[in-house]
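Shown below: my_file_2.pdb, with PDB, N, CA, C and O atoms.
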ATOM      1  N   MET A   1     115.037 108.313 110.015
ATOM      2  CA  MET A   1     114.765 106.897 109.927
ATOM      3  C   MET A   1     115.629 106.230 108.863
ATOM      4  O   MET A   1     115.875 105.059 108.941
ATOM      5  N   GLY A   2     116.007 106.955 107.809
ATOM      6  CA  GLY A   2     116.921 106.408 106.843
ATOM      7  C   GLY A   2     116.305 105.552 105.751
ATOM      8  O   GLY A   2     116.965 105.197 104.807
ATOM      9  N   ASP A   3     115.015 105.184 105.861
ATOM     10  CA  ASP A   3     114.413 104.318 104.853
ATOM     11  C   ASP A   3     113.435 105.057 103.946
ATOM     12  O   ASP A   3     112.695 104.444 103.187
ATOM     13  N   GLY A   4     113.418 106.367 103.991
ATOM     14  CA  GLY A   4     112.568 107.140 103.106
ATOM     15  C   GLY A   4     111.184 107.432 103.634
ATOM     16  O   GLY A   4     110.386 108.061 102.968
ATOM     17  N   PHE A   5     110.873 106.981 104.824
ATOM     18  CA  PHE A   5     109.561 107.201 105.396
ATOM     19  C   PHE A   5     109.605 108.285 106.456
ATOM     20  O   PHE A   5     110.563 108.389 107.211
ATOM     21  N   ALA A   6     108.551 109.084 106.508
ATOM     22  CA  ALA A   6     108.422 110.097 107.558
ATOM     23  C   ALA A   6     107.223 109.720 108.416
ATOM     24  O   ALA A   6     106.121 109.549 107.908
ATOM     25  N   ILE A   7     107.444 109.522 109.686
ATOM     26  CA  ILE A   7     106.356 109.224 110.610
ATOM     27  C   ILE A   7     105.963 110.532 111.293
ATOM     28  O   ILE A   7     106.752 111.123 112.015
ATOM     29  N   ILE A   8     104.745 110.975 111.026
ATOM     30  CA  ILE A   8     104.262 112.240 111.561
ATOM     31  C   ILE A   8     103.075 111.961 112.476
ATOM     32  O   ILE A   8     102.098 111.348 112.039
ATOM     33  N   PRO A   9     103.130 112.383 113.723
ATOM     34  CA  PRO A   9     101.982 112.174 114.605
ATOM     35  C   PRO A   9     100.743 112.863 114.034
ATOM     36  O   PRO A   9     100.811 113.991 113.583
ATOM     37  N   GLN A  10      99.631 112.163 114.041
ATOM     38  CA  GLN A  10      98.388 112.699 113.497
ATOM     39  C   GLN A  10      97.289 112.649 114.547
ATOM     40  O   GLN A  10      96.252 112.038 114.357
ATOM     41  N   GLU A  11      97.519 113.252 115.681
ATOM     42  CA  GLU A  11      96.543 113.261 116.753
ATOM     43  C   GLU A  11      95.188 113.726 116.242
ATOM     44  O   GLU A  11      95.084 114.751 115.590
ATOM     45  N   GLY A  12      94.161 112.931 116.503
ATOM     46  CA  GLY A  12      92.814 113.298 116.145
ATOM     47  C   GLY A  12      92.431 113.024 114.707
ATOM     48  O   GLY A  12      91.297 113.240 114.312
ATOM     49  N   LYS A  13      93.356 112.527 113.879
ATOM     50  CA  LYS A  13      93.050 112.212 112.482
ATOM     51  C   LYS A  13      92.893 110.711 112.315
ATOM     52  O   LYS A  13      93.532 109.927 113.002
ATOM     53  N   LEU A  14      92.034 110.341 111.370
ATOM     54  CA  LEU A  14      91.833 108.947 111.041
ATOM     55  C   LEU A  14      93.051 108.468 110.262
ATOM     56  O   LEU A  14      93.462 109.106 109.285
ATOM     57  N   VAL A  15      93.666 107.371 110.670
ATOM     58  CA  VAL A  15      94.858 106.843 110.004
ATOM     59  C   VAL A  15      94.738 105.335 109.827
ATOM     60  O   VAL A  15      93.997 104.674 110.534
ATOM     61  N   SER A  16      95.470 104.805 108.871
ATOM     62  CA  SER A  16      95.539 103.373 108.647
ATOM     63  C   SER A  16      96.724 102.836 109.435
ATOM     64  O   SER A  16      97.798 103.430 109.417
ATOM     65  N   PRO A  17      96.552 101.721 110.144
ATOM     66  CA  PRO A  17      97.649 101.225 110.978
ATOM     67  C   PRO A  17      98.816 100.694 110.165
ATOM     68  O   PRO A  17      98.633 100.058 109.139
ATOM     69  N   PHE A  18     100.002 100.989 110.609
ATOM     70  CA  PHE A  18     101.230 100.469 110.005
ATOM     71  C   PHE A  18     102.140 100.082 111.145
ATOM     72  O   PHE A  18     102.383 100.872 112.051
ATOM     73  N   ASP A  19     102.649  98.868 111.116
ATOM     74  CA  ASP A  19     103.474  98.364 112.211
ATOM     75  C   ASP A  19     104.842  99.014 112.291
ATOM     76  O   ASP A  19     105.673  98.619 113.088
ATOM     77  N   GLY A  20     105.095 100.034 111.463
ATOM     78  CA  GLY A  20     106.363 100.730 111.487
ATOM     79  C   GLY A  20     106.564 101.539 112.757
ATOM     80  O   GLY A  20     107.647 101.998 113.044
ATOM     81  N   GLY A  21     105.489 101.737 113.507
ATOM     82  CA  GLY A  21     105.577 102.421 114.788
ATOM     83  C   GLY A  21     105.605 103.926 114.687
ATOM     84  O   GLY A  21     105.858 104.495 113.637
ATOM     85  N   GLY A  22     105.306 104.574 115.789
ATOM     86  CA  GLY A  22     105.412 106.020 115.888
ATOM     87  C   GLY A  22     104.210 106.808 115.428
ATOM     88  O   GLY A  22     104.120 107.996 115.687
ATOM     89  N   LEU A  23     103.262 106.179 114.744
ATOM     90  CA  LEU A  23     102.111 106.897 114.224
ATOM     91  C   LEU A  23     101.003 106.906 115.268
ATOM     92  O   LEU A  23     100.706 105.892 115.871
ATOM     93  N   SER A  24     100.444 108.067 115.487
ATOM     94  CA  SER A  24      99.334 108.152 116.427
ATOM     95  C   SER A  24      98.129 108.719 115.710
ATOM     96  O   SER A  24      98.249 109.366 114.678
ATOM     97  N   GLY A  25      96.971 108.448 116.228
ATOM     98  CA  GLY A  25      95.745 108.945 115.629
ATOM     99  C   GLY A  25      94.600 107.994 115.914
ATOM    100  O   GLY A  25      94.687 107.146 116.793
ATOM    101  N   ILE A  26      93.521 108.126 115.175
ATOM    102  CA  ILE A  26      92.368 107.257 115.303
ATOM    103  C   ILE A  26      92.529 106.165 114.247
ATOM    104  O   ILE A  26      92.406 106.427 113.058
ATOM    105  N   PHE A  27      92.842 104.973 114.668
ATOM    106  CA  PHE A  27      93.178 103.909 113.728
ATOM    107  C   PHE A  27      91.946 103.297 113.076
ATOM    108  O   PHE A  27      90.945 103.040 113.722
ATOM    109  N   ASP A  28      92.038 103.072 111.785
ATOM    110  CA  ASP A  28      90.989 102.467 110.972
ATOM    111  C   ASP A  28      91.637 101.304 110.246
ATOM    112  O   ASP A  28      92.773 101.406 109.798
ATOM    113  N   ASP A  29      90.925 100.202 110.084
ATOM    114  CA  ASP A  29      91.521  98.990 109.513
ATOM    115  C   ASP A  29      91.487  98.954 107.987
ATOM    116  O   ASP A  29      91.788  97.929 107.388
ATOM    117  N   GLN A  30      91.159 100.059 107.324
ATOM    118  CA  GLN A  30      91.165 100.099 105.865
ATOM    119  C   GLN A  30      92.609 100.068 105.364
ATOM    120  O   GLN A  30      93.524 100.484 106.065
ATOM    121  N   VAL A  31      92.798  99.595 104.142
ATOM    122  CA  VAL A  31      94.137  99.521 103.550
ATOM    123  C   VAL A  31      94.714 100.927 103.385
ATOM    124  O   VAL A  31      95.880 101.175 103.692
ATOM    125  N   VAL A  32      93.890 101.873 102.903
ATOM    126  CA  VAL A  32      94.298 103.264 102.720
ATOM    127  C   VAL A  32      93.224 104.165 103.329
ATOM    128  O   VAL A  32      92.040 103.919 103.144
ATOM    129  N   VAL A  33      93.663 105.181 104.051
ATOM    130  CA  VAL A  33      92.737 106.113 104.693
ATOM    131  C   VAL A  33      93.108 107.539 104.317
ATOM    132  O   VAL A  33      94.282 107.909 104.333
ATOM    133  N   PHE A  34      92.096 108.336 103.966
ATOM    134  CA  PHE A  34      92.280 109.765 103.709
ATOM    135  C   PHE A  34      91.442 110.532 104.721
ATOM    136  O   PHE A  34      90.250 110.313 104.848
ATOM    137  N   ASP A  35      92.073 111.423 105.463
ATOM    138  CA  ASP A  35      91.376 112.276 106.423
ATOM    139  C   ASP A  35      91.982 113.668 106.337
ATOM    140  O   ASP A  35      93.165 113.861 106.611
ATOM    141  N   GLN A  36      91.167 114.612 105.960
ATOM    142  CA  GLN A  36      91.571 115.999 105.763
ATOM    143  C   GLN A  36      92.683 116.065 104.723
ATOM    144  O   GLN A  36      92.429 115.778 103.567
ATOM    145  N   ASN A  37      93.888 116.364 105.092
ATOM    146  CA  ASN A  37      94.969 116.472 104.107
ATOM    147  C   ASN A  37      96.040 115.391 104.285
ATOM    148  O   ASN A  37      97.155 115.548 103.817
ATOM    149  N   VAL A  38      95.684 114.286 104.937
ATOM    150  CA  VAL A  38      96.654 113.216 105.198
ATOM    151  C   VAL A  38      96.148 111.905 104.612
ATOM    152  O   VAL A  38      95.001 111.518 104.825
ATOM    153  N   ILE A  39      97.009 111.227 103.851
ATOM    154  CA  ILE A  39      96.703 109.898 103.328
ATOM    155  C   ILE A  39      97.690 108.929 103.972
ATOM    156  O   ILE A  39      98.895 109.150 103.935
ATOM    157  N   THR A  40      97.166 107.853 104.560
ATOM    158  CA  THR A  40      98.033 106.833 105.164
ATOM    159  C   THR A  40      97.657 105.471 104.586
ATOM    160  O   THR A  40      96.538 105.270 104.129
ATOM    161  N   SER A  41      98.606 104.544 104.595
ATOM    162  CA  SER A  41      98.313 103.176 104.164
ATOM    163  C   SER A  41      98.928 102.212 105.161
ATOM    164  O   SER A  41      99.722 102.600 106.013
ATOM    165  N   GLN A  42      98.577 100.942 105.016
ATOM    166  CA  GLN A  42      99.030  99.945 105.979
ATOM    167  C   GLN A  42     100.480  99.545 105.810
ATOM    168  O   GLN A  42     101.005  98.810 106.633
ATOM    169  N   GLY A  43     101.142  99.994 104.786
ATOM    170  CA  GLY A  43     102.554  99.650 104.674
ATOM    171  C   GLY A  43     103.067  99.656 103.253
ATOM    172  O   GLY A  43     102.395 100.065 102.316
ATOM    173  N   THR A  44     104.257  99.152 103.104
ATOM    174  CA  THR A  44     104.953  99.211 101.820
ATOM    175  C   THR A  44     104.394  98.256 100.775
ATOM    176  O   THR A  44     104.734  98.370  99.603
ATOM    177  N   ALA A  45     103.519  97.341 101.155
ATOM    178  CA  ALA A  45     102.924  96.405 100.195
ATOM    179  C   ALA A  45     101.618  96.942  99.605
ATOM    180  O   ALA A  45     100.892  96.203  98.951
ATOM    181  N   THR A  46     101.329  98.224  99.809
ATOM    182  CA  THR A  46     100.057  98.788  99.344
ATOM    183  C   THR A  46     100.249  99.945  98.360
ATOM    184  O   THR A  46      99.532 100.939  98.416
ATOM    185  N   PRO A  47     101.177  99.831  97.400
ATOM    186  CA  PRO A  47     101.413 100.975  96.512
ATOM    187  C   PRO A  47     100.243 101.303  95.590
ATOM    188  O   PRO A  47      99.969 102.478  95.326
ATOM    189  N   TYR A  48      99.549 100.282  95.079
ATOM    190  CA  TYR A  48      98.448 100.571  94.153
ATOM    191  C   TYR A  48      97.276 101.261  94.842
ATOM    192  O   TYR A  48      96.832 102.307  94.377
ATOM    193  N   PRO A  49      96.749 100.723  95.946
ATOM    194  CA  PRO A  49      95.646 101.446  96.585
ATOM    195  C   PRO A  49      96.066 102.838  97.061
ATOM    196  O   PRO A  49      95.266 103.783  97.017
ATOM    197  N   PHE A  50      97.316 102.989  97.473
ATOM    198  CA  PHE A  50      97.812 104.299  97.918
ATOM    199  C   PHE A  50      97.840 105.278  96.734
ATOM    200  O   PHE A  50      97.364 106.409  96.836
ATOM    201  N   ALA A  51      98.362 104.827  95.593
ATOM    202  CA  ALA A  51      98.423 105.679  94.398
ATOM    203  C   ALA A  51      97.025 106.026  93.890
ATOM    204  O   ALA A  51      96.759 107.171  93.503
ATOM    205  N   TYR A  52      96.113 105.036  93.904
ATOM    206  CA  TYR A  52      94.737 105.302  93.478
ATOM    207  C   TYR A  52      94.080 106.347  94.380
ATOM    208  O   TYR A  52      93.366 107.230  93.915
ATOM    209  N   LYS A  53      94.319 106.254  95.672
ATOM    210  CA  LYS A  53      93.733 107.212  96.608
ATOM    211  C   LYS A  53      94.268 108.617  96.349
ATOM    212  O   LYS A  53      93.509 109.595  96.396
ATOM    213  N   ILE A  54      95.559 108.738  96.081
ATOM    214  CA  ILE A  54      96.136 110.055  95.771
ATOM    215  C   ILE A  54      95.433 110.646  94.546
ATOM    216  O   ILE A  54      95.025 111.807  94.555
ATOM    217  N   ALA A  55      95.269 109.826  93.497
ATOM    218  CA  ALA A  55      94.603 110.296  92.287
ATOM    219  C   ALA A  55      93.154 110.700  92.574
ATOM    220  O   ALA A  55      92.678 111.729  92.084
ATOM    221  N   GLU A  56      92.454 109.911  93.389
ATOM    222  CA  GLU A  56      91.065 110.234  93.742
ATOM    223  C   GLU A  56      90.982 111.552  94.506
ATOM    224  O   GLU A  56      90.102 112.368  94.245
ATOM    225  N   VAL A  57      91.890 111.758  95.442
ATOM    226  CA  VAL A  57      91.912 112.997  96.219
ATOM    227  C   VAL A  57      92.155 114.198  95.301
ATOM    228  O   VAL A  57      91.613 115.277  95.515
ATOM    229  N   LEU A  58      92.925 113.981  94.241
ATOM    230  CA  LEU A  58      93.195 115.046  93.271
ATOM    231  C   LEU A  58      92.071 115.193  92.243
ATOM    232  O   LEU A  58      92.182 115.967  91.304
ATOM    233  N   GLY A  59      90.991 114.424  92.425
ATOM    234  CA  GLY A  59      89.814 114.575  91.588
ATOM    235  C   GLY A  59      89.721 113.678  90.374
ATOM    236  O   GLY A  59      88.880 113.888  89.498
ATOM    237  N   LYS A  60      90.570 112.674  90.293
ATOM    238  CA  LYS A  60      90.564 111.773  89.137
ATOM    239  C   LYS A  60      89.691 110.540  89.410
ATOM    240  O   LYS A  60      89.658 110.037  90.523
ATOM    241  N   ASP A  61      89.023 110.065  88.373
ATOM    242  CA  ASP A  61      88.258 108.824  88.454
ATOM    243  C   ASP A  61      89.194 107.687  88.052
ATOM    244  O   ASP A  61      89.658 107.636  86.906
ATOM    245  N   VAL A  62      89.479 106.782  88.956
ATOM    246  CA  VAL A  62      90.439 105.710  88.693
ATOM    247  C   VAL A  62      89.768 104.378  88.402
ATOM    248  O   VAL A  62      90.454 103.375  88.229
ATOM    249  N   SER A  63      88.448 104.346  88.328
ATOM    250  CA  SER A  63      87.747 103.073  88.130
ATOM    251  C   SER A  63      88.148 102.399  86.818
ATOM    252  O   SER A  63      88.353 101.177  86.784
ATOM    253  N   ASN A  64      88.287 103.157  85.733
ATOM    254  CA  ASN A  64      88.697 102.583  84.451
ATOM    255  C   ASN A  64      90.139 102.058  84.521
ATOM    256  O   ASN A  64      90.440 100.986  83.998
ATOM    257  N   LEU A  65      91.015 102.794  85.170
ATOM    258  CA  LEU A  65      92.406 102.361  85.322
ATOM    259  C   LEU A  65      92.483 101.070  86.128
ATOM    260  O   LEU A  65      93.205 100.136  85.765
ATOM    261  N   LYS A  66      91.713 100.999  87.227
ATOM    262  CA  LYS A  66      91.696  99.780  88.046
ATOM    263  C   LYS A  66      91.239  98.586  87.220
ATOM    264  O   LYS A  66      91.796  97.492  87.335
ATOM    265  N   GLU A  67      90.220  98.805  86.382
ATOM    266  CA  GLU A  67      89.703  97.733  85.533
ATOM    267  C   GLU A  67      90.754  97.278  84.530
ATOM    268  O   GLU A  67      90.983  96.081  84.357
ATOM    269  N   LYS A  68      91.420  98.224  83.872
ATOM    270  CA  LYS A  68      92.440  97.883  82.879
ATOM    271  C   LYS A  68      93.630  97.156  83.498
ATOM    272  O   LYS A  68      94.261  96.313  82.861
ATOM    273  N   MET A  69      93.946  97.499  84.743
ATOM    274  CA  MET A  69      95.084  96.870  85.420
ATOM    275  C   MET A  69      94.696  95.580  86.148
ATOM    276  O   MET A  69      95.518  94.974  86.829
ATOM    277  N   LEU A  70      93.414  95.170  86.007
ATOM    278  CA  LEU A  70      92.879  93.980  86.666
ATOM    279  C   LEU A  70      92.985  94.071  88.181
ATOM    280  O   LEU A  70      93.047  93.053  88.870
ATOM    281  N   TYR A  71      93.010  95.274  88.692
ATOM    282  CA  TYR A  71      93.148  95.484  90.140
ATOM    283  C   TYR A  71      91.982  94.856  90.901
ATOM    284  O   TYR A  71      92.183  94.126  91.869
ATOM    285  N   ASN A  72      90.752  95.143  90.465
ATOM    286  CA  ASN A  72      89.578  94.593  91.142
ATOM    287  C   ASN A  72      89.492  93.080  90.975
ATOM    288  O   ASN A  72      89.117  92.365  91.893
ATOM    289  N   PHE A  73      89.857  92.584  89.801
ATOM    290  CA  PHE A  73      89.860  91.155  89.522
ATOM    291  C   PHE A  73      90.810  90.417  90.465
ATOM    292  O   PHE A  73      90.545  89.318  90.904
ATOM    293  N   ALA A  74      91.928  91.045  90.768
ATOM    294  CA  ALA A  74      92.944  90.433  91.621
ATOM    295  C   ALA A  74      92.626  90.584  93.116
ATOM    296  O   ALA A  74      93.420  90.222  93.956
ATOM    297  N   GLY A  75      91.471  91.139  93.424
ATOM    298  CA  GLY A  75      91.059  91.266  94.832
ATOM    299  C   GLY A  75      91.511  92.541  95.495
ATOM    300  O   GLY A  75      91.587  92.613  96.712
ATOM    301  N   GLY A  76      91.829  93.566  94.722
ATOM    302  CA  GLY A  76      92.260  94.839  95.301
ATOM    303  C   GLY A  76      91.187  95.467  96.162
ATOM    304  O   GLY A  76      90.000  95.345  95.904
ATOM    305  N   LYS A  77      91.633  96.118  97.217
ATOM    306  CA  LYS A  77      90.710  96.784  98.144
ATOM    307  C   LYS A  77      90.911  98.266  98.081
ATOM    308  O   LYS A  77      91.970  98.755  97.995
TER
END

Kindly present the structure from the file in structure tokens form.
Amino acid sequence: MGDGFAIIPQEGKLVSPFDGGGLSGIFDDQVVVFDQNVITSQGTATPYPFAYKIAEVLGKDVSNLKEKMLYNFAGGK
């Protein structure tokens, strides 16, 4: 693809829709979705929720970080 993204078919896994095409699975309208060992997000404008989800999956509590970064105040999902 040349833009740094890998589109991997995820048949039977819950995924977040991205208009980049090529992704298959059970689509969920959440900004970021984690199912088994796959994390997907709705696109390139979702770096913070994507990064927070990675940290959560690795067992970190990100609630304090979100508060300090005003993420929730700014309407983060």

Residue among A:Phe73, A:Tyr48, A:Leu14, A:Leu65 lying closest to Val33 of chain A, counting only N, CA, C and O atoms: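 For Val33 of chain A, the nearest of the candidates is A:Leu14.
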
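We find atom C of Gly75 of chain A and atom CA of Pro49 of chain A to be spaced 9.9 Å apart.
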
Residue members of the PyMOL selection byres ((chain A and resi 29) around 7) in the file shown, as a list in words: Val15, Ser16, Pro17, Phe27, Asp28, Gln30, Val31 and Val32 of chain A

Please tabulate, as CSV, the residues of segment 44-63 of chain A that come within 8 Å of segment 37-40 of chain A, each with its closest pair of atoms and the distance in Å to one decimal, counting only N, CA, C and O atoms and ordering rows by chain, then residue number upward.
residue,atom,partner,partner_atom,distance
A:Thr46,O,A:Thr40,O,7.8
A:Pro49,O,A:Thr40,O,7.4
A:Phe50,CA,A:Thr40,O,6.4
A:Lys53,C,A:Ile39,CA,7.5
A:Ile54,N,A:Ile39,CA,7.4

Separation of atom C of Pro47 of chain A from atom O of Lys68 of chain A, in Å and rounded to one decimal: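 Atom O of Lys68 of chain A lies at a distance of 14.9 Å from atom C of Pro47 of chain A.
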
Separation of atom C of Ile26 of chain A from atom CA of Asp61 of chain A in Å: 26.3 Å
